[in-house]
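*Asks:* Structure file data04.txt (compact mmCIF, C-alpha atoms) right here:
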```txt
# COMPACT_ATOMS: atom_id res chain seq x y z
CA MET A 1 -20.00 28.88 -31.05
CA LEU A 2 -20.00 25.16 -31.71
CA ARG A 3 -16.72 24.67 -29.86
CA GLN A 4 -17.98 26.72 -26.94
CA ILE A 5 -21.08 24.58 -26.64
CA ILE A 6 -19.06 21.37 -26.73
CA CYS A 7 -16.58 22.65 -24.15
CA ALA A 8 -19.35 24.02 -21.93
CA SER A 9 -21.25 20.77 -22.05
CA LEU A 10 -18.12 18.71 -21.26
CA PHE A 11 -17.21 20.85 -18.27
CA SER A 12 -20.76 21.18 -17.00
CA LEU A 13 -21.01 17.40 -16.89
CA SER A 14 -17.64 16.91 -15.20
CA SER A 15 -17.32 16.25 -11.49
CA CYS A 16 -14.88 15.57 -8.70
CA ALA A 17 -14.87 12.64 -6.34
CA ILE A 18 -13.10 11.93 -3.09
CA GLY A 19 -13.10 8.85 -0.90
CA ARG A 20 -11.57 7.72 2.36
CA GLN A 21 -11.16 4.22 3.72
CA GLU A 22 -9.82 3.29 7.14
CA ILE A 23 -8.88 -0.17 8.33
CA ASN A 24 -8.42 -0.50 12.10
CA SER A 25 -7.78 2.42 14.43
CA PRO A 26 -4.38 4.14 14.27
CA ILE A 27 -1.87 2.53 16.65
CA ASP A 28 -1.05 4.61 19.71
CA ALA A 29 2.67 5.38 19.46
CA THR A 30 2.86 6.33 23.14
CA ILE A 31 1.71 2.82 24.12
CA VAL A 32 4.23 1.20 21.77
CA ALA A 33 6.96 3.26 23.46
CA THR A 34 6.17 1.50 26.76
CA LEU A 35 7.21 -1.91 25.37
CA LYS A 36 10.52 -3.07 26.89
CA PRO A 37 12.45 -5.86 25.17
CA GLY A 38 13.62 -8.42 27.74
CA THR A 39 10.82 -7.75 30.22
CA THR A 40 7.45 -7.20 28.48
CA THR A 41 5.54 -10.42 27.89
CA ALA A 42 3.16 -11.41 25.10
CA LYS A 43 0.28 -11.21 27.57
CA GLU A 44 1.19 -7.61 28.46
CA VAL A 45 1.51 -6.66 24.77
CA VAL A 46 -1.98 -8.00 24.06
CA GLU A 47 -3.35 -6.19 27.13
CA ARG A 48 -1.92 -2.91 25.85
CA LEU A 49 -2.38 -3.18 22.07
CA GLY A 50 -5.26 -5.63 21.82
CA ALA A 51 -5.49 -8.67 19.58
CA PRO A 52 -2.93 -8.73 16.75
CA THR A 53 -4.03 -8.82 13.13
CA ASP A 54 -1.60 -11.62 12.34
CA ILE A 55 0.67 -14.10 14.12
CA VAL A 56 3.72 -15.57 12.38
CA GLN A 57 5.58 -18.63 13.70
CA LEU A 58 9.33 -18.24 13.17
CA GLY A 59 10.89 -21.49 14.35
CA ARG A 60 11.10 -21.21 18.14
CA ARG A 61 10.11 -17.57 17.99
CA VAL A 62 6.82 -15.92 17.18
CA ALA A 63 5.92 -12.48 15.80
CA TYR A 64 2.68 -10.53 16.24
CA ARG A 65 1.65 -7.99 13.64
CA TYR A 66 -0.47 -4.93 14.40
CA ASP A 67 -1.58 -2.64 11.61
CA ALA A 68 -3.95 0.13 10.60
CA SER A 69 -4.27 1.87 7.27
CA VAL A 70 -5.85 4.96 5.75
CA THR A 71 -6.52 5.28 2.03
CA LYS A 72 -7.51 8.59 0.48
CA SER A 73 -8.75 8.75 -3.10
CA ALA A 74 -9.33 11.77 -5.30
CA GLY A 75 -10.76 11.77 -8.80
CA LEU A 76 -11.62 14.08 -11.64
CA VAL A 77 -14.38 12.80 -13.92
CA LEU A 78 -14.41 14.46 -17.34
CA ILE A 79 -16.84 11.93 -18.85
CA LEU A 80 -14.57 10.68 -21.61
CA PHE A 81 -11.33 11.01 -19.70
CA ASN A 82 -11.15 10.27 -16.00
CA MET A 83 -8.29 10.61 -13.54
CA PHE A 84 -7.91 9.08 -10.11
CA GLY A 85 -5.23 9.23 -7.45
CA GLN A 86 -5.00 6.93 -4.46
CA ASP A 87 -2.71 7.25 -1.47
CA THR A 88 -2.35 4.63 1.26
CA ARG A 89 -0.22 4.81 4.39
CA THR A 90 -0.15 2.41 7.30
CA ASP A 91 0.77 2.14 10.94
CA ARG A 92 2.63 -1.12 11.53
CA VAL A 93 4.10 -2.70 14.61
CA PHE A 94 5.83 -6.08 14.60
CA VAL A 95 6.66 -7.54 18.03
CA PHE A 96 8.96 -10.55 18.31
CA PHE A 97 8.87 -13.02 21.22
CA ASP A 98 11.19 -15.83 22.27
CA GLU A 99 10.02 -19.34 23.15
CA LYS A 100 9.08 -18.09 26.65
CA ASP A 101 6.79 -15.39 25.20
CA VAL A 102 9.09 -12.58 26.32
CA LEU A 103 9.50 -9.61 23.96
CA THR A 104 12.91 -9.65 22.30
CA HIS A 105 12.50 -7.01 19.56
CA TYR A 106 9.93 -4.71 18.06
CA GLY A 107 9.74 -2.47 15.03
CA ALA A 108 7.24 0.33 14.53
CA THR A 109 6.23 2.57 11.62
CA PHE A 110 3.58 5.24 12.07
CA ALA A 111 2.33 6.83 8.86
CA VAL A 112 -1.48 6.94 8.62
CA HIS A 113 -1.39 10.65 9.46
CA ARG A 114 0.72 11.24 6.31
CA THR A 115 -2.01 10.05 3.91
CA GLN A 116 -3.11 12.75 1.47
CA TYR A 117 -5.71 13.43 -1.19
CA ALA A 118 -3.85 13.89 -4.46
CA LEU A 119 -4.56 13.71 -8.17
CA PRO A 120 -2.15 11.68 -10.34
CA TRP A 121 0.12 14.54 -11.31
CA GLN A 122 0.47 15.97 -7.80
CA ASN A 123 3.70 15.35 -5.97
CA VAL A 124 3.01 14.72 -2.30
CA HIS A 125 4.94 13.42 0.70
CA ASP A 126 7.91 15.72 0.65
CA ALA A 127 10.12 15.55 3.74
CA SER A 128 9.05 18.87 5.24
CA ASP A 129 5.36 18.00 4.95
CA ASN A 130 5.95 14.60 6.57
CA ALA A 131 7.91 16.23 9.40
CA GLU A 132 5.12 18.76 9.98
CA ARG A 133 2.51 16.01 10.20
CA ASP A 134 4.73 13.86 12.44
CA ALA A 135 5.14 16.73 14.88
CA LYS A 136 1.37 16.88 15.39
CA ARG A 137 1.05 13.20 16.30
CA PRO A 138 1.92 12.28 19.89
CA GLY A 139 4.75 9.79 20.24
CA VAL A 140 5.92 10.03 16.63
CA ASN A 141 9.29 11.64 16.02
CA GLY A 142 10.51 11.59 12.46
CA GLN A 143 9.38 8.02 11.75
CA MET B 1 -27.23 26.72 -34.97
CA LYS B 2 -30.35 24.66 -35.62
CA TRP B 3 -32.04 23.27 -32.54
CA PRO B 4 -31.77 19.51 -33.38
CA ARG B 5 -28.06 19.88 -34.09
CA CYS B 6 -27.51 21.65 -30.78
CA VAL B 7 -29.36 18.91 -28.88
CA LEU B 8 -27.26 16.30 -30.64
CA LEU B 9 -24.02 18.05 -29.67
CA LEU B 10 -25.09 18.49 -26.07
CA SER B 11 -26.11 14.86 -25.76
CA LEU B 12 -22.87 13.64 -27.33
CA PRO B 13 -20.81 13.74 -24.10
CA ILE B 14 -23.52 11.74 -22.34
CA LEU B 15 -23.91 9.12 -25.03
CA THR B 16 -20.27 8.70 -25.93
CA PRO B 17 -19.09 7.33 -22.55
CA SER B 18 -21.16 4.24 -23.19
CA CYS B 19 -18.74 3.58 -26.04
CA LEU B 20 -15.36 4.85 -24.93
CA GLN B 21 -13.68 5.86 -21.69
CA VAL B 22 -10.04 6.55 -20.99
CA GLY B 23 -8.68 6.56 -17.45
CA PHE B 24 -5.43 7.59 -15.87
CA GLY B 25 -4.64 6.70 -12.29
CA ALA B 26 -1.85 6.94 -9.77
CA SER B 27 -1.44 4.65 -6.81
CA ARG B 28 0.87 5.33 -3.90
CA ASN B 29 1.27 2.76 -1.15
CA GLU B 30 3.79 3.19 1.64
CA GLU B 31 7.10 4.98 1.33
CA PRO B 32 10.13 3.25 -0.19
CA VAL B 33 13.12 2.52 2.01
CA ALA B 34 15.60 5.36 1.53
CA GLU B 35 18.80 4.60 -0.39
CA ALA B 36 20.87 6.08 2.43
CA THR B 37 19.25 3.68 4.89
CA LEU B 38 20.01 0.71 2.64
CA ALA B 39 23.60 1.89 2.24
CA SER B 40 23.98 1.85 6.02
CA LEU B 41 23.11 -1.86 6.29
CA HIS B 42 26.10 -4.15 6.85
CA ALA B 43 25.72 -7.91 6.70
CA GLY B 44 27.31 -9.56 9.74
CA ASP B 45 27.45 -6.33 11.75
CA ASP B 46 23.81 -5.30 11.85
CA ASP B 47 21.28 -7.41 13.69
CA LEU B 48 17.49 -7.50 13.93
CA ALA B 49 17.37 -4.70 16.54
CA THR B 50 19.49 -2.23 14.54
CA CYS B 51 17.68 -3.03 11.30
CA LEU B 52 14.24 -2.50 12.86
CA LYS B 53 15.48 0.79 14.28
CA LYS B 54 16.73 1.92 10.86
CA LEU B 55 13.87 0.68 8.68
CA GLY B 56 10.88 0.57 11.04
CA ALA B 57 8.35 -2.24 10.98
CA PRO B 58 8.37 -4.49 7.91
CA ASN B 59 5.29 -5.23 5.83
CA MET B 60 5.83 -8.96 6.11
CA VAL B 61 7.86 -11.56 7.97
CA TRP B 62 8.70 -15.15 7.02
CA GLU B 63 10.49 -18.06 8.66
CA TYR B 64 13.94 -18.62 7.16
CA ARG B 65 16.11 -21.73 7.66
CA GLY B 66 14.49 -22.89 10.89
CA ASN B 67 15.08 -20.20 13.49
CA GLY B 68 16.08 -17.43 11.12
CA MET B 69 13.70 -14.97 9.55
CA ALA B 70 13.22 -12.82 6.46
CA LEU B 71 11.67 -9.37 6.64
CA GLY B 72 10.14 -7.56 3.67
CA TRP B 73 9.37 -3.90 2.99
CA VAL B 74 7.26 -3.07 -0.04
CA SER B 75 6.06 0.17 -1.60
CA GLU B 76 4.23 1.34 -4.69
CA ASP B 77 4.34 4.57 -6.63
CA SER B 78 2.82 3.76 -9.97
CA THR B 79 0.67 5.23 -12.69
CA ASP B 80 -1.42 3.37 -15.20
CA TRP B 81 -3.73 3.92 -18.13
CA ASP B 82 -6.89 2.02 -18.84
CA LEU B 83 -9.22 1.96 -21.81
CA ASP B 84 -12.84 0.81 -21.79
CA VAL B 85 -14.75 0.28 -25.01
CA SER B 86 -18.35 -0.88 -24.94
CA PHE B 87 -21.13 -1.17 -27.47
CA SER B 88 -24.83 -1.99 -27.24
CA PHE B 89 -25.70 -3.77 -30.43
CA GLN B 90 -29.12 -5.04 -29.47
CA ARG B 91 -31.59 -4.54 -26.67
CA PHE B 92 -30.32 -6.34 -23.53
CA ALA B 93 -27.13 -7.27 -25.34
CA SER B 94 -23.84 -5.42 -25.17
CA ALA B 95 -20.14 -6.02 -25.48
CA LYS B 96 -17.31 -4.49 -23.49
CA PHE B 97 -13.56 -4.48 -23.94
CA SER B 98 -11.29 -3.29 -21.17
CA LEU B 99 -7.53 -2.88 -21.28
CA ASP B 100 -5.45 -2.03 -18.23
CA TRP B 101 -1.75 -1.19 -18.35
CA ASP B 102 -1.30 -1.63 -14.61
CA ASP B 103 2.00 -3.12 -13.46
CA LEU B 104 1.65 -5.32 -10.40
CA ASP B 105 5.36 -5.99 -9.88
CA LEU B 106 5.95 -4.04 -6.71
CA PRO B 107 9.45 -2.98 -5.69
CA GLY B 108 10.74 -3.74 -2.23
CA VAL B 109 13.56 -4.78 0.02
CA VAL B 110 14.08 -8.12 1.80
CA LEU B 111 16.47 -8.68 4.70
CA TRP B 112 17.49 -12.21 5.74
CA PHE B 113 18.59 -12.96 9.32
CA ASP B 114 20.30 -16.10 10.54
CA ALA B 115 19.29 -18.08 13.65
CA SER B 116 21.23 -15.68 15.91
CA LEU B 117 19.33 -12.80 14.25
CA HIS B 118 22.38 -11.23 12.60
CA LEU B 119 21.84 -9.74 9.16
CA GLU B 120 22.95 -12.37 6.67
CA ARG B 121 22.15 -10.45 3.46
CA TRP B 122 19.73 -8.02 1.94
CA GLN B 123 18.37 -7.45 -1.53
CA LYS B 124 16.45 -4.74 -3.31
CA GLY B 125 14.26 -5.61 -6.27
CA LEU B 126 10.84 -6.84 -7.30
CA MET B 127 9.04 -8.57 -4.45
CA ARG B 128 7.52 -11.19 -6.77
CA GLU B 129 10.99 -12.45 -7.66
CA MET B 130 12.57 -12.14 -4.22
CA VAL B 131 9.85 -13.99 -2.29
CA GLN B 132 9.11 -16.64 -4.89
CA SER B 133 10.46 -19.41 -2.64
CA TYR B 134 8.07 -18.41 0.16
CA ARG B 135 4.96 -19.04 -1.91
CA ARG B 136 2.73 -22.01 -1.20
CA THR B 137 3.43 -24.56 -3.91
CA ALA B 138 0.11 -26.36 -3.82
CA ASP B 139 -3.41 -25.79 -2.57
CA VAL B 140 -4.29 -27.24 0.82
CA ASP B 141 -6.39 -30.36 0.43
CA LEU B 142 -9.49 -29.56 2.48
CA ASP B 143 -10.97 -33.03 1.92
CA VAL B 144 -8.36 -34.84 4.00
CA GLY B 145 -10.06 -37.04 6.59
CA SER B 146 -13.53 -36.79 5.10
```
For this file, produce the structure as structure tokens.

*Replies:*
Amino acid sequence: MLRQIICASLFSLSSCAIGRQEINSPIDATIVATLKPGTTTAKEVVERLGAPTDIVQLGRRVAYRYDASVTKSAGLVLILFNMFGQDTRTDRVFVFFDEKDVLTHYGATFAVHRTQYALPWQNVHDASDNAERDAKRPGVNGQ
Amino acid sequence: MKWPRCVLLLSLPILTPSCLQVGFGASRNEEPVAEATLASLHAGDDDLATCLKKLGAPNMVWEYRGNGMALGWVSEDSTDWDLDVSFSFQRFASAKFSLDWDDLDLPGVVLWFDASLHLERWQKGLMREMVQSYRRTADVDLDVGS
């Protein structure tokens, strides 16, 4: 009886918690696909993607960084013992310009749609799940 | 069971957390660069365009030897334990001890490109060690000119 009361009181006082945090809007992959190295200018990139979150001077060259992130948190509060899991994925685009502000290279990673709620012991982000989520996002193919 | 004893047992889980709490957490940030992708990188043959195509956008970019550049990819898949012990020994006075086993050395990959943007070398390891030379060595003196 005593054990049952202790267990019942512990579980009746336990709770779950979830949280979600977003920084910037996800980057539109279909717009990124319109960038053409050798012809697109820095002005055109800013017109299409907006203001970058960071600018890095690289000698004569310059790089603009665009990013967005989603963090999902899940927790189990058992009063004395608490567990929390946090998963963060980002969209990132780096565009590189020459000294004439013409796009020379760009790299893109789109992953905010892969973010998942998961407790510490849960194994998430297997390849098939990522592929399924990628297929639902326009402009993203197996990134 | 006598009533006072039952009340005491039921209140125990509420009162005890003010003394002791154990936490276990997992943190996952980004996905690590696949080993197969790293194995496909060839210094001298690959350039910035092919590397960006293989690895996607980096997390960070630095200037390297004038017109060269270094690109870094970082990820985290860690678990950690923490322990909080607190005690109220007098009204308006309490003490708290907190211990966190979190490891902040994040693994990553850095690629270095020469001025012609050909892959010079790449390295996999702890970001703290690989990018040590890119850290600011001294604080900026904000009082200059005042």

*Asks:* In Å, with one decimal, what is the gap from atom CA of A:Leu76 to atom CA of B:Ser27?

*Replies:*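 So the answer is 14.7 Å.
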
*Asks:* With a cut-off of 6 Å, could you pull out the residues of stretch 32-77 of chain B touching stretch 109-126 of chain B and give me the nearest pair of atoms for each, distance in Å to one decimal, using all atoms listed in the file, ordered by chain and ascending number, as a tab-separated table?

*Replies:*
```
residue	atom	partner	partner_atom	distance
B:Ala43	CA	B:Leu119	CA	4.9
B:Gly44	CA	B:Leu119	CA	5.5
B:Asp46	CA	B:Leu119	CA	5.6
B:Asp47	CA	B:His118	CA	4.1
B:Leu48	CA	B:Leu117	CA	5.6
B:Asn67	CA	B:Ala115	CA	4.7
B:Gly68	CA	B:Ala115	CA	4.1
B:Met69	CA	B:Phe113	CA	5.3
B:Ala70	CA	B:Trp112	CA	4.4
B:Leu71	CA	B:Leu111	CA	5.2
B:Gly72	CA	B:Val110	CA	4.4
B:Trp73	CA	B:Val109	CA	5.2
```

*Asks:* Could you tell me which residues of chain B sit within 8 Å of chain A when counting only C-alpha atoms, and give me the result as number ranges by chain?

*Replies:* B: 9-10, 13-14, 16-17, 20-31, 48-49, 52-53, 56-59, 61-64, 66-69, 79

*Asks:* So how far away is atom CA of B:Asp100 from atom CA of B:Arg128, in Å?

*Replies:*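 Straight-line distance from atom CA of B:Arg128 to atom CA of B:Asp100 works out to 19.6 Å.
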
*Asks:* Quick check, in Å to one decimal: how far apart do atom CA of A:Leu35 and atom CA of B:Ala39 lie?

*Replies:*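 If I compute the distance from atom CA of A:Leu35 to atom CA of B:Ala39, I get 28.6 Å.
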
*Asks:* Could you list, as a list in words, every residue within 12 Å of A:Glu132, counting only C-alpha atoms and ignoring same-chain residues fewer than 4 positions away?

*Replies:* His113, Arg114, His125, Asp126, Ala127, Ser128, Lys136, Arg137, Val140, Asn141, Gly142 and Gln143 of chain A

*Asks:* Show me, as AutoDock Vina command-line options, the centre and edge lengths in Å to one decimal of the axis-aligned box that covers every listed atom of stretch 128-132 of chain A with 4 Å on each side.

*Replies:*
```
--center_x 7.1 --center_y 16.7 --center_z 7.5 --size_x 11.9 --size_y 12.3 --size_z 13.0
```

*Asks:* Between B:Cys51, B:Ala93, B:Val74, B:Val85, which has the minimum distance to B:Met130 (counting only C-alpha atoms)?

*Replies:* B:Val74

*Asks:* Taking 6 positions as the minimum chain separation for residues in the same chain, which residues sit within 7 Å of B:Ala95 when counting only C-alpha atoms? Answer as a list in words.

*Replies:* Ser86, Phe87 and Ser88 of chain B

*Asks:* Find, counting all atoms listed in the file, the residue in A:Arg133, A:Asp101, A:Gly19, A:Pro26 that gets nearest to A:Val45.

*Replies:*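 When distances to A:Val45 are compared using all atoms listed in the file, the smallest one comes from A:Asp101.
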
*Asks:* Kindly indicate which residue among B:Leu83, B:Leu55, B:Val131, B:Cys19 lies nearest to B:Ala34, using all atoms listed in the file for the distances.

*Replies:*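 Using all atoms listed in the file, B:Ala34 sits closest to B:Leu55.
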